[in-house]
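Q: run-v3.pdb is reproduced in full below (PDB, N, CA and C atoms, pLDDT in the B column).
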ATOM      1  N   MET A  14     -10.863 -12.862   3.927  1.00 86.00           N
ATOM      2  CA  MET A  14     -10.557 -11.762   3.039  1.00 86.00           C
ATOM      3  C   MET A  14      -9.713 -10.752   3.818  1.00 86.00           C
ATOM      4  N   THR A  15      -8.655 -10.284   3.167  1.00 93.00           N
ATOM      5  CA  THR A  15      -7.807  -9.265   3.774  1.00 93.00           C
ATOM      6  C   THR A  15      -7.822  -8.011   2.896  1.00 93.00           C
ATOM      7  N   GLU A  16      -7.620  -6.884   3.540  1.00 96.00           N
ATOM      8  CA  GLU A  16      -7.576  -5.618   2.818  1.00 96.00           C
ATOM      9  C   GLU A  16      -6.296  -4.878   3.167  1.00 96.00           C
ATOM     10  N   ASN A  17      -5.732  -4.239   2.176  1.00 97.00           N
ATOM     11  CA  ASN A  17      -4.563  -3.381   2.360  1.00 97.00           C
ATOM     12  C   ASN A  17      -4.831  -2.055   1.678  1.00 97.00           C
ATOM     13  N   LEU A  18      -4.404  -1.000   2.328  1.00 97.00           N
ATOM     14  CA  LEU A  18      -4.397   0.313   1.709  1.00 97.00           C
ATOM     15  C   LEU A  18      -3.041   0.460   1.045  1.00 97.00           C
ATOM     16  N   GLU A  19      -3.031   0.735  -0.249  1.00 98.00           N
ATOM     17  CA  GLU A  19      -1.788   0.956  -0.968  1.00 98.00           C
ATOM     18  C   GLU A  19      -1.668   2.427  -1.328  1.00 98.00           C
ATOM     19  N   LEU A  20      -0.575   3.043  -0.883  1.00 98.00           N
ATOM     20  CA  LEU A  20      -0.247   4.414  -1.240  1.00 98.00           C
ATOM     21  C   LEU A  20       0.850   4.314  -2.295  1.00 98.00           C
ATOM     22  N   ARG A  21       0.549   4.768  -3.500  1.00 98.00           N
ATOM     23  CA  ARG A  21       1.497   4.592  -4.599  1.00 98.00           C
ATOM     24  C   ARG A  21       2.093   5.937  -5.027  1.00 98.00           C
ATOM     25  N   PHE A  22       3.418   5.929  -5.162  1.00 98.00           N
ATOM     26  CA  PHE A  22       4.206   7.112  -5.497  1.00 98.00           C
ATOM     27  C   PHE A  22       5.132   6.797  -6.668  1.00 98.00           C
ATOM     28  N   ARG A  23       5.657   7.851  -7.282  1.00 97.00           N
ATOM     29  CA  ARG A  23       6.799   7.739  -8.189  1.00 97.00           C
ATOM     30  C   ARG A  23       8.019   8.209  -7.405  1.00 97.00           C
ATOM     31  N   ASN A  24       9.166   7.571  -7.684  1.00 97.00           N
ATOM     32  CA  ASN A  24      10.390   7.961  -6.989  1.00 97.00           C
ATOM     33  C   ASN A  24      11.317   8.748  -7.922  1.00 97.00           C
ATOM     34  N   SER A  25      12.505   9.049  -7.453  1.00 96.00           N
ATOM     35  CA  SER A  25      13.456   9.866  -8.215  1.00 96.00           C
ATOM     36  C   SER A  25      13.787   9.275  -9.576  1.00 96.00           C
ATOM     37  N   GLU A  26      13.724   7.961  -9.703  1.00 97.00           N
ATOM     38  CA  GLU A  26      14.009   7.298 -10.976  1.00 97.00           C
ATOM     39  C   GLU A  26      12.738   7.097 -11.799  1.00 97.00           C
ATOM     40  N   ASN A  27      11.649   7.750 -11.391  1.00 97.00           N
ATOM     41  CA  ASN A  27      10.344   7.657 -12.056  1.00 97.00           C
ATOM     42  C   ASN A  27       9.772   6.241 -12.037  1.00 97.00           C
ATOM     43  N   ARG A  28      10.194   5.452 -11.063  1.00 97.00           N
ATOM     44  CA  ARG A  28       9.645   4.112 -10.886  1.00 97.00           C
ATOM     45  C   ARG A  28       8.569   4.151  -9.814  1.00 97.00           C
ATOM     46  N   MET A  29       7.651   3.179  -9.883  1.00 97.00           N
ATOM     47  CA  MET A  29       6.556   3.080  -8.920  1.00 97.00           C
ATOM     48  C   MET A  29       7.094   2.545  -7.593  1.00 97.00           C
ATOM     49  N   SER A  30       6.618   3.151  -6.511  1.00 97.00           N
ATOM     50  CA  SER A  30       6.944   2.701  -5.166  1.00 97.00           C
ATOM     51  C   SER A  30       5.643   2.670  -4.368  1.00 97.00           C
ATOM     52  N   THR A  31       5.407   1.565  -3.657  1.00 97.00           N
ATOM     53  CA  THR A  31       4.131   1.362  -2.970  1.00 97.00           C
ATOM     54  C   THR A  31       4.343   1.144  -1.479  1.00 97.00           C
ATOM     55  N   LEU A  32       3.574   1.868  -0.670  1.00 97.00           N
ATOM     56  CA  LEU A  32       3.499   1.615   0.772  1.00 97.00           C
ATOM     57  C   LEU A  32       2.200   0.875   1.021  1.00 97.00           C
ATOM     58  N   SER A  33       2.269  -0.266   1.672  1.00 97.00           N
ATOM     59  CA  SER A  33       1.086  -1.081   1.909  1.00 97.00           C
ATOM     60  C   SER A  33       0.769  -1.106   3.402  1.00 97.00           C
ATOM     61  N   ILE A  34      -0.466  -0.769   3.745  1.00 96.00           N
ATOM     62  CA  ILE A  34      -0.905  -0.691   5.139  1.00 96.00           C
ATOM     63  C   ILE A  34      -2.040  -1.679   5.338  1.00 96.00           C
ATOM     64  N   PRO A  35      -1.842  -2.699   6.187  1.00 97.00           N
ATOM     65  CA  PRO A  35      -2.879  -3.720   6.368  1.00 97.00           C
ATOM     66  C   PRO A  35      -4.079  -3.204   7.160  1.00 97.00           C
ATOM     67  N   GLU A  36      -5.243  -3.717   6.820  1.00 95.00           N
ATOM     68  CA  GLU A  36      -6.505  -3.468   7.531  1.00 95.00           C
ATOM     69  C   GLU A  36      -6.715  -1.979   7.835  1.00 95.00           C
ATOM     70  N   PRO A  37      -6.816  -1.153   6.826  1.00 95.00           N
ATOM     71  CA  PRO A  37      -6.981   0.287   7.047  1.00 95.00           C
ATOM     72  C   PRO A  37      -8.364   0.640   7.587  1.00 95.00           C
ATOM     73  N   ALA A  38      -8.455   1.784   8.220  1.00 94.00           N
ATOM     74  CA  ALA A  38      -9.743   2.293   8.688  1.00 94.00           C
ATOM     75  C   ALA A  38     -10.585   2.677   7.474  1.00 94.00           C
ATOM     76  N   HIS A  39     -11.850   2.363   7.515  1.00 90.00           N
ATOM     77  CA  HIS A  39     -12.739   2.668   6.383  1.00 90.00           C
ATOM     78  C   HIS A  39     -13.281   4.098   6.440  1.00 90.00           C
ATOM     79  N   THR A  40     -12.842   4.856   7.411  1.00 95.00           N
ATOM     80  CA  THR A  40     -13.312   6.235   7.544  1.00 95.00           C
ATOM     81  C   THR A  40     -12.370   7.235   6.881  1.00 95.00           C
ATOM     82  N   LEU A  41     -11.266   6.757   6.319  1.00 94.00           N
ATOM     83  CA  LEU A  41     -10.313   7.650   5.662  1.00 94.00           C
ATOM     84  C   LEU A  41     -10.940   8.272   4.426  1.00 94.00           C
ATOM     85  N   THR A  42     -10.655   9.552   4.227  1.00 96.00           N
ATOM     86  CA  THR A  42     -11.185  10.246   3.056  1.00 96.00           C
ATOM     87  C   THR A  42     -10.055  10.475   2.046  1.00 96.00           C
ATOM     88  N   ALA A  43     -10.439  10.773   0.822  1.00 96.00           N
ATOM     89  CA  ALA A  43      -9.454  11.071  -0.215  1.00 96.00           C
ATOM     90  C   ALA A  43      -8.601  12.269   0.195  1.00 96.00           C
ATOM     91  N   GLU A  44      -9.221  13.265   0.800  1.00 97.00           N
ATOM     92  CA  GLU A  44      -8.493  14.455   1.224  1.00 97.00           C
ATOM     93  C   GLU A  44      -7.448  14.117   2.285  1.00 97.00           C
ATOM     94  N   GLN A  45      -7.815  13.282   3.260  1.00 97.00           N
ATOM     95  CA  GLN A  45      -6.870  12.874   4.300  1.00 97.00           C
ATOM     96  C   GLN A  45      -5.698  12.106   3.702  1.00 97.00           C
ATOM     97  N   LEU A  46      -6.006  11.208   2.781  1.00 97.00           N
ATOM     98  CA  LEU A  46      -4.952  10.417   2.162  1.00 97.00           C
ATOM     99  C   LEU A  46      -4.006  11.295   1.352  1.00 97.00           C
ATOM    100  N   GLU A  47      -4.559  12.233   0.596  1.00 97.00           N
ATOM    101  CA  GLU A  47      -3.719  13.123  -0.209  1.00 97.00           C
ATOM    102  C   GLU A  47      -2.832  13.986   0.685  1.00 97.00           C
ATOM    103  N   MET A  48      -3.394  14.521   1.778  1.00 97.00           N
ATOM    104  CA  MET A  48      -2.596  15.315   2.718  1.00 97.00           C
ATOM    105  C   MET A  48      -1.464  14.481   3.312  1.00 97.00           C
ATOM    106  N   THR A  49      -1.777  13.260   3.709  1.00 97.00           N
ATOM    107  CA  THR A  49      -0.773  12.375   4.301  1.00 97.00           C
ATOM    108  C   THR A  49       0.320  12.047   3.293  1.00 97.00           C
ATOM    109  N   MET A  50      -0.083  11.756   2.066  1.00 97.00           N
ATOM    110  CA  MET A  50       0.903  11.419   1.032  1.00 97.00           C
ATOM    111  C   MET A  50       1.792  12.619   0.718  1.00 97.00           C
ATOM    112  N   ASN A  51       1.219  13.816   0.682  1.00 98.00           N
ATOM    113  CA  ASN A  51       2.024  15.023   0.480  1.00 98.00           C
ATOM    114  C   ASN A  51       3.019  15.223   1.613  1.00 98.00           C
ATOM    115  N   THR A  52       2.591  14.955   2.844  1.00 97.00           N
ATOM    116  CA  THR A  52       3.480  15.070   4.002  1.00 97.00           C
ATOM    117  C   THR A  52       4.619  14.065   3.906  1.00 97.00           C
ATOM    118  N   ILE A  53       4.307  12.841   3.484  1.00 97.00           N
ATOM    119  CA  ILE A  53       5.345  11.816   3.318  1.00 97.00           C
ATOM    120  C   ILE A  53       6.416  12.309   2.344  1.00 97.00           C
ATOM    121  N   ILE A  54       5.981  12.913   1.247  1.00 97.00           N
ATOM    122  CA  ILE A  54       6.931  13.427   0.253  1.00 97.00           C
ATOM    123  C   ILE A  54       7.700  14.630   0.813  1.00 97.00           C
ATOM    124  N   GLU A  55       6.982  15.608   1.379  1.00 97.00           N
ATOM    125  CA  GLU A  55       7.612  16.842   1.868  1.00 97.00           C
ATOM    126  C   GLU A  55       8.621  16.586   2.982  1.00 97.00           C
ATOM    127  N   GLU A  56       8.271  15.675   3.891  1.00 96.00           N
ATOM    128  CA  GLU A  56       9.141  15.393   5.042  1.00 96.00           C
ATOM    129  C   GLU A  56      10.173  14.308   4.734  1.00 96.00           C
ATOM    130  N   ASN A  57      10.121  13.773   3.510  1.00 95.00           N
ATOM    131  CA  ASN A  57      11.053  12.720   3.077  1.00 95.00           C
ATOM    132  C   ASN A  57      11.080  11.563   4.085  1.00 95.00           C
ATOM    133  N   VAL A  58       9.891  11.114   4.457  1.00 92.00           N
ATOM    134  CA  VAL A  58       9.733  10.084   5.485  1.00 92.00           C
ATOM    135  C   VAL A  58      10.296   8.743   5.031  1.00 92.00           C
ATOM    136  N   PHE A  59      10.071   8.378   3.775  1.00 91.00           N
ATOM    137  CA  PHE A  59      10.519   7.096   3.243  1.00 91.00           C
ATOM    138  C   PHE A  59      11.385   7.328   2.013  1.00 91.00           C
ATOM    139  N   THR A  60      12.260   6.380   1.764  1.00 86.00           N
ATOM    140  CA  THR A  60      13.012   6.369   0.527  1.00 86.00           C
ATOM    141  C   THR A  60      12.848   4.980  -0.075  1.00 86.00           C
ATOM    142  N   SER A  61      13.211   4.826  -1.318  1.00 92.00           N
ATOM    143  CA  SER A  61      13.086   3.533  -1.980  1.00 92.00           C
ATOM    144  C   SER A  61      14.388   3.211  -2.697  1.00 92.00           C
ATOM    145  N   SER A  62      14.460   2.034  -3.275  1.00 93.00           N
ATOM    146  CA  SER A  62      15.675   1.663  -4.010  1.00 93.00           C
ATOM    147  C   SER A  62      15.887   2.577  -5.208  1.00 93.00           C
ATOM    148  N   GLY A  63      14.822   3.262  -5.648  1.00 94.00           N
ATOM    149  CA  GLY A  63      14.910   4.214  -6.752  1.00 94.00           C
ATOM    150  C   GLY A  63      15.036   5.648  -6.285  1.00 94.00           C
ATOM    151  N   GLY A  64      15.336   5.842  -5.003  1.00 95.00           N
ATOM    152  CA  GLY A  64      15.510   7.193  -4.470  1.00 95.00           C
ATOM    153  C   GLY A  64      14.297   7.701  -3.718  1.00 95.00           C
ATOM    154  N   ASP A  65      14.290   8.993  -3.462  1.00 96.00           N
ATOM    155  CA  ASP A  65      13.211   9.627  -2.696  1.00 96.00           C
ATOM    156  C   ASP A  65      11.878   9.540  -3.442  1.00 96.00           C
ATOM    157  N   LEU A  66      10.794   9.534  -2.665  1.00 97.00           N
ATOM    158  CA  LEU A  66       9.461   9.594  -3.255  1.00 97.00           C
ATOM    159  C   LEU A  66       9.227  11.028  -3.712  1.00 97.00           C
ATOM    160  N   THR A  67       8.724  11.200  -4.943  1.00 97.00           N
ATOM    161  CA  THR A  67       8.634  12.540  -5.511  1.00 97.00           C
ATOM    162  C   THR A  67       7.223  12.951  -5.923  1.00 97.00           C
ATOM    163  N   THR A  68       6.381  11.988  -6.317  1.00 97.00           N
ATOM    164  CA  THR A  68       5.077  12.323  -6.879  1.00 97.00           C
ATOM    165  C   THR A  68       4.029  11.316  -6.413  1.00 97.00           C
ATOM    166  N   ILE A  69       2.836  11.809  -6.095  1.00 98.00           N
ATOM    167  CA  ILE A  69       1.714  10.936  -5.759  1.00 98.00           C
ATOM    168  C   ILE A  69       1.157  10.336  -7.042  1.00 98.00           C
ATOM    169  N   VAL A  70       0.895   9.033  -7.015  1.00 98.00           N
ATOM    170  CA  VAL A  70       0.218   8.365  -8.129  1.00 98.00           C
ATOM    171  C   VAL A  70      -1.240   8.154  -7.762  1.00 98.00           C
ATOM    172  N   ASP A  71      -1.481   7.385  -6.679  1.00 98.00           N
ATOM    173  CA  ASP A  71      -2.845   7.150  -6.228  1.00 98.00           C
ATOM    174  C   ASP A  71      -2.843   6.435  -4.888  1.00 98.00           C
ATOM    175  N   ALA A  72      -4.036   6.275  -4.334  1.00 97.00           N
ATOM    176  CA  ALA A  72      -4.251   5.472  -3.124  1.00 97.00           C
ATOM    177  C   ALA A  72      -5.402   4.539  -3.449  1.00 97.00           C
ATOM    178  N   ARG A  73      -5.270   3.283  -3.018  1.00 97.00           N
ATOM    179  CA  ARG A  73      -6.315   2.317  -3.348  1.00 97.00           C
ATOM    180  C   ARG A  73      -6.396   1.235  -2.283  1.00 97.00           C
ATOM    181  N   ILE A  74      -7.573   0.640  -2.197  1.00 96.00           N
ATOM    182  CA  ILE A  74      -7.783  -0.515  -1.323  1.00 96.00           C
ATOM    183  C   ILE A  74      -7.642  -1.759  -2.184  1.00 96.00           C
ATOM    184  N   VAL A  75      -6.811  -2.684  -1.737  1.00 97.00           N
ATOM    185  CA  VAL A  75      -6.629  -3.951  -2.434  1.00 97.00           C
ATOM    186  C   VAL A  75      -7.183  -5.046  -1.529  1.00 97.00           C
ATOM    187  N   THR A  76      -8.121  -5.810  -2.068  1.00 96.00           N
ATOM    188  CA  THR A  76      -8.769  -6.876  -1.317  1.00 96.00           C
ATOM    189  C   THR A  76      -8.291  -8.217  -1.856  1.00 96.00           C
ATOM    190  N   ARG A  77      -7.976  -9.113  -0.939  1.00 94.00           N
ATOM    191  CA  ARG A  77      -7.481 -10.437  -1.330  1.00 94.00           C
ATOM    192  C   ARG A  77      -8.331 -11.496  -0.637  1.00 94.00           C
ATOM    193  N   THR A  78      -8.835 -12.435  -1.425  1.00 94.00           N
ATOM    194  CA  THR A  78      -9.600 -13.547  -0.888  1.00 94.00           C
ATOM    195  C   THR A  78      -8.853 -14.835  -1.187  1.00 94.00           C
ATOM    196  N   VAL A  79      -8.694 -15.673  -0.175  1.00 89.00           N
ATOM    197  CA  VAL A  79      -8.039 -16.965  -0.340  1.00 89.00           C
ATOM    198  C   VAL A  79      -9.077 -18.048  -0.116  1.00 89.00           C
ATOM    199  N   GLU A  80      -9.201 -18.937  -1.082  1.00 91.00           N
ATOM    200  CA  GLU A  80     -10.133 -20.054  -0.975  1.00 91.00           C
ATOM    201  C   GLU A  80      -9.336 -21.352  -1.016  1.00 91.00           C
ATOM    202  N   PRO A  81      -9.128 -21.999   0.139  1.00 89.00           N
ATOM    203  CA  PRO A  81      -8.355 -23.246   0.161  1.00 89.00           C
ATOM    204  C   PRO A  81      -9.081 -24.335  -0.628  1.00 89.00           C
ATOM    205  N   LEU A  82      -8.320 -25.109  -1.385  1.00 94.00           N
ATOM    206  CA  LEU A  82      -8.895 -26.213  -2.144  1.00 94.00           C
ATOM    207  C   LEU A  82      -8.704 -27.540  -1.420  1.00 94.00           C
ATOM    208  N   PHE A  83      -7.588 -27.688  -0.717  1.00 91.00           N
ATOM    209  CA  PHE A  83      -7.384 -28.844   0.145  1.00 91.00           C
ATOM    210  C   PHE A  83      -6.277 -28.513   1.126  1.00 91.00           C
ATOM    211  N   GLU A  84      -6.187 -29.311   2.173  1.00 89.00           N
ATOM    212  CA  GLU A  84      -5.134 -29.122   3.178  1.00 89.00           C
ATOM    213  C   GLU A  84      -4.544 -30.484   3.491  1.00 89.00           C
ATOM    214  N   ALA A  85      -3.234 -30.614   3.397  1.00 89.00           N
ATOM    215  CA  ALA A  85      -2.560 -31.879   3.679  1.00 89.00           C
ATOM    216  C   ALA A  85      -2.625 -32.158   5.171  1.00 89.00           C
ATOM    217  N   ASN A  86      -2.845 -33.392   5.507  1.00 84.00           N
ATOM    218  CA  ASN A  86      -2.850 -33.813   6.904  1.00 84.00           C
ATOM    219  C   ASN A  86      -1.435 -34.261   7.252  1.00 84.00           C
ATOM    220  N   ASN A  87      -0.707 -33.432   7.966  1.00 78.00           N
ATOM    221  CA  ASN A  87       0.694 -33.705   8.275  1.00 78.00           C
ATOM    222  C   ASN A  87       0.888 -34.152   9.715  1.00 78.00           C
ATOM    223  N   GLU A  88      -0.117 -34.720  10.315  1.00 74.00           N
ATOM    224  CA  GLU A  88      -0.003 -35.203  11.705  1.00 74.00           C
ATOM    225  C   GLU A  88       0.873 -36.447  11.714  1.00 74.00           C
ATOM    226  N   GLN A  89       1.710 -36.568  12.768  1.00 66.00           N
ATOM    227  CA  GLN A  89       2.585 -37.734  12.876  1.00 66.00           C
ATOM    228  C   GLN A  89       2.328 -38.456  14.154  1.00 66.00           C
TER     229      GLN A  89
END
Now, as a test, write the supplied structure out as structure tokens.

A:
Amino acid sequence: MTENLELRFRNSENRMSTLSIPEPAHTLTAEQLEMTMNTIIEENVFTSSGGDLTTIVDARIVTRTVEPLFEANNEQ
């Protein structure tokens, strides 16, 4: 199972833009995330194909589980 922290923003074209951070610390608080996201916007740290990030949408943890069903034996 893998986890990513997704920081989601709206950009200048009002389109969704997502920053994905693998294996985030579980000690992060909502307040810390909001402060960081505000800093990203204020300091114009990132831009997207739709322009500058302008508005915070949300922050979320996305968990992904992969269950292999079979694996080909490719030994030669």

Q: Can you work out which one of A:Glu88, A:Glu44, A:Asp65, A:Glu55 has the shortest atom-to-atom distance to A:Glu26, counting only N, CA and C atoms?

A: A:Asp65

Q: What's the 12 Å shell around A:Phe59, counting only C-alpha atoms, without same-chain residues fewer than 4 positions away, as a PyMOL selection string?

A: chain A and resi 20+22+24+30-32+50-55+63-67

Q: Just to confirm, what's the straight-line distance from atom CA of A:Arg28 to atom N of A:Met48 in Å (one decimal)?

A: 20.9 Å

Q: What are the DSSP strand (DSSP E) residues of chain A, as a ChimeraX atom specification?

A: /A:15-24,29-35,60-61,64-77

Q: I need the chosen residues saved as an mmCIF file, keeping the file's coordinate frame, with N, CA and C atoms.

A:
data_model
loop_
_atom_site.group_PDB
_atom_site.id
_atom_site.type_symbol
_atom_site.label_atom_id
_atom_site.label_comp_id
_atom_site.auth_asym_id
_atom_site.auth_seq_id
_atom_site.Cartn_x
_atom_site.Cartn_y
_atom_site.Cartn_z
ATOM 1 N N THR A 15 -8.655 -10.284 3.167
ATOM 2 C CA THR A 15 -7.807 -9.265 3.774
ATOM 3 C C THR A 15 -7.822 -8.011 2.896
ATOM 4 N N GLU A 16 -7.620 -6.884 3.540
ATOM 5 C CA GLU A 16 -7.576 -5.618 2.818
ATOM 6 C C GLU A 16 -6.296 -4.878 3.167
ATOM 7 N N ASN A 17 -5.732 -4.239 2.176
ATOM 8 C CA ASN A 17 -4.563 -3.381 2.360
ATOM 9 C C ASN A 17 -4.831 -2.055 1.678
ATOM 10 N N LEU A 18 -4.404 -1.000 2.328
ATOM 11 C CA LEU A 18 -4.397 0.313 1.709
ATOM 12 C C LEU A 18 -3.041 0.460 1.045
ATOM 13 N N GLU A 19 -3.031 0.735 -0.249
ATOM 14 C CA GLU A 19 -1.788 0.956 -0.968
ATOM 15 C C GLU A 19 -1.668 2.427 -1.328
ATOM 16 N N LEU A 20 -0.575 3.043 -0.883
ATOM 17 C CA LEU A 20 -0.247 4.414 -1.240
ATOM 18 C C LEU A 20 0.850 4.314 -2.295
ATOM 19 N N ARG A 21 0.549 4.768 -3.500
ATOM 20 C CA ARG A 21 1.497 4.592 -4.599
ATOM 21 C C ARG A 21 2.093 5.937 -5.027
ATOM 22 N N PHE A 22 3.418 5.929 -5.162
ATOM 23 C CA PHE A 22 4.206 7.112 -5.497
ATOM 24 C C PHE A 22 5.132 6.797 -6.668
ATOM 25 N N ARG A 23 5.657 7.851 -7.282
ATOM 26 C CA ARG A 23 6.799 7.739 -8.189
ATOM 27 C C ARG A 23 8.019 8.209 -7.405
ATOM 28 N N ASN A 24 9.166 7.571 -7.684
ATOM 29 C CA ASN A 24 10.390 7.961 -6.989
ATOM 30 C C ASN A 24 11.317 8.748 -7.922
ATOM 31 N N MET A 29 7.651 3.179 -9.883
ATOM 32 C CA MET A 29 6.556 3.080 -8.920
ATOM 33 C C MET A 29 7.094 2.545 -7.593
ATOM 34 N N SER A 30 6.618 3.151 -6.511
ATOM 35 C CA SER A 30 6.944 2.701 -5.166
ATOM 36 C C SER A 30 5.643 2.670 -4.368
ATOM 37 N N THR A 31 5.407 1.565 -3.657
ATOM 38 C CA THR A 31 4.131 1.362 -2.970
ATOM 39 C C THR A 31 4.343 1.144 -1.479
ATOM 40 N N LEU A 32 3.574 1.868 -0.670
ATOM 41 C CA LEU A 32 3.499 1.615 0.772
ATOM 42 C C LEU A 32 2.200 0.875 1.021
ATOM 43 N N SER A 33 2.269 -0.266 1.672
ATOM 44 C CA SER A 33 1.086 -1.081 1.909
ATOM 45 C C SER A 33 0.769 -1.106 3.402
ATOM 46 N N ILE A 34 -0.466 -0.769 3.745
ATOM 47 C CA ILE A 34 -0.905 -0.691 5.139
ATOM 48 C C ILE A 34 -2.040 -1.679 5.338
ATOM 49 N N PRO A 35 -1.842 -2.699 6.187
ATOM 50 C CA PRO A 35 -2.879 -3.720 6.368
ATOM 51 C C PRO A 35 -4.079 -3.204 7.160
ATOM 52 N N THR A 60 12.260 6.380 1.764
ATOM 53 C CA THR A 60 13.012 6.369 0.527
ATOM 54 C C THR A 60 12.848 4.980 -0.075
ATOM 55 N N SER A 61 13.211 4.826 -1.318
ATOM 56 C CA SER A 61 13.086 3.533 -1.980
ATOM 57 C C SER A 61 14.388 3.211 -2.697
ATOM 58 N N GLY A 64 15.336 5.842 -5.003
ATOM 59 C CA GLY A 64 15.510 7.193 -4.470
ATOM 60 C C GLY A 64 14.297 7.701 -3.718
ATOM 61 N N ASP A 65 14.290 8.993 -3.462
ATOM 62 C CA ASP A 65 13.211 9.627 -2.696
ATOM 63 C C ASP A 65 11.878 9.540 -3.442
ATOM 64 N N LEU A 66 10.794 9.534 -2.665
ATOM 65 C CA LEU A 66 9.461 9.594 -3.255
ATOM 66 C C LEU A 66 9.227 11.028 -3.712
ATOM 67 N N THR A 67 8.724 11.200 -4.943
ATOM 68 C CA THR A 67 8.634 12.540 -5.511
ATOM 69 C C THR A 67 7.223 12.951 -5.923
ATOM 70 N N THR A 68 6.381 11.988 -6.317
ATOM 71 C CA THR A 68 5.077 12.323 -6.879
ATOM 72 C C THR A 68 4.029 11.316 -6.413
ATOM 73 N N ILE A 69 2.836 11.809 -6.095
ATOM 74 C CA ILE A 69 1.714 10.936 -5.759
ATOM 75 C C ILE A 69 1.157 10.336 -7.042
ATOM 76 N N VAL A 70 0.895 9.033 -7.015
ATOM 77 C CA VAL A 70 0.218 8.365 -8.129
ATOM 78 C C VAL A 70 -1.240 8.154 -7.762
ATOM 79 N N ASP A 71 -1.481 7.385 -6.679
ATOM 80 C CA ASP A 71 -2.845 7.150 -6.228
ATOM 81 C C ASP A 71 -2.843 6.435 -4.888
ATOM 82 N N ALA A 72 -4.036 6.275 -4.334
ATOM 83 C CA ALA A 72 -4.251 5.472 -3.124
ATOM 84 C C ALA A 72 -5.402 4.539 -3.449
ATOM 85 N N ARG A 73 -5.270 3.283 -3.018
ATOM 86 C CA ARG A 73 -6.315 2.317 -3.348
ATOM 87 C C ARG A 73 -6.396 1.235 -2.283
ATOM 88 N N ILE A 74 -7.573 0.640 -2.197
ATOM 89 C CA ILE A 74 -7.783 -0.515 -1.323
ATOM 90 C C ILE A 74 -7.642 -1.759 -2.184
ATOM 91 N N VAL A 75 -6.811 -2.684 -1.737
ATOM 92 C CA VAL A 75 -6.629 -3.951 -2.434
ATOM 93 C C VAL A 75 -7.183 -5.046 -1.529
ATOM 94 N N THR A 76 -8.121 -5.810 -2.068
ATOM 95 C CA THR A 76 -8.769 -6.876 -1.317
ATOM 96 C C THR A 76 -8.291 -8.217 -1.856
ATOM 97 N N ARG A 77 -7.976 -9.113 -0.939
ATOM 98 C CA ARG A 77 -7.481 -10.437 -1.330
ATOM 99 C C ARG A 77 -8.331 -11.496 -0.637
#

Q: Evaluate the PyMOL selection byres (((chain A and resi 73-85 and name CA) around 10) and name CA) and record the selected residues as an MDAnalysis selection string, following the chain and residue labels used in the document.

A: chainID A and resid 14:21 33:37 39 43 46 71:72 86:88

Q: Would you compute the distance between atom CA of A:Ile69 and atom CA of A:Leu41? Give it in Å to one decimal.

A: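 Going from atom CA of A:Ile69 over to atom CA of A:Leu41, I get 16.9 Å.
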
Q: At what distance in Å, to one decimal, does atom C of A:Thr42 lie from atom CA of A:Asn27?

A: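 Atom-to-atom, atom CA of A:Asn27 and atom C of A:Thr42 are spaced 25.0 Å apart.
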
Q: DSSP on the backbone, then: every residue of stretch 14-75 of chain A marked helix (DSSP H, G or I), written as a list in words.

A: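 Of stretch 14-75 of chain A, only Ala43, Glu44, Gln45, Leu46, Glu47, Met48, Thr49, Met50, Asn51, Thr52, Ile53, Ile54 and Glu55 of chain A fall in helix (DSSP H, G or I).
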
Q: May I ask which of the residues A:Thr49, A:Val70, A:Ser62, A:Glu56 is the closest one to A:Ser25, counting only N, CA and C atoms?

A: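 Checking each of A:Thr49, A:Val70, A:Ser62, A:Glu56 against A:Ser25, counting only N, CA and C atoms, the winner is A:Ser62.
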
Q: Emit stretch 69-76 of chain A of the structure in the block as a file comprising N, CA, C and O atoms, as a short mmCIF file (atom, residue, chain, number, x, y, z; two decimals), in the first residue's frame.

A:
data_model
loop_
_atom_site.label_atom_id
_atom_site.label_comp_id
_atom_site.auth_asym_id
_atom_site.auth_seq_id
_atom_site.Cartn_x
_atom_site.Cartn_y
_atom_site.Cartn_z
N ILE A 69 -6.84 27.64 -2.78
CA ILE A 69 -6.77 26.32 -2.16
C ILE A 69 -8.10 25.61 -2.35
O ILE A 69 -9.17 26.20 -2.14
N VAL A 70 -8.04 24.34 -2.74
CA VAL A 70 -9.24 23.51 -2.81
C VAL A 70 -9.30 22.61 -1.59
O VAL A 70 -10.21 22.69 -0.79
N ASP A 71 -8.27 21.75 -1.43
CA ASP A 71 -8.21 20.87 -0.27
C ASP A 71 -6.87 20.15 -0.22
O ASP A 71 -6.05 20.28 -1.11
N ALA A 72 -6.68 19.41 0.86
CA ALA A 72 -5.52 18.53 1.02
C ALA A 72 -6.08 17.19 1.45
O ALA A 72 -7.00 17.12 2.26
N ARG A 73 -5.52 16.12 0.87
CA ARG A 73 -6.06 14.79 1.19
C ARG A 73 -4.97 13.74 1.07
O ARG A 73 -3.99 13.92 0.35
N ILE A 74 -5.18 12.65 1.79
CA ILE A 74 -4.31 11.48 1.68
C ILE A 74 -4.99 10.51 0.73
O ILE A 74 -6.16 10.18 0.90
N VAL A 75 -4.24 10.06 -0.26
CA VAL A 75 -4.75 9.08 -1.22
C VAL A 75 -3.95 7.79 -1.00
O VAL A 75 -2.72 7.80 -1.05
N THR A 76 -4.67 6.71 -0.74
CA THR A 76 -4.05 5.42 -0.48
C THR A 76 -4.31 4.50 -1.66
O THR A 76 -5.43 4.43 -2.17
#
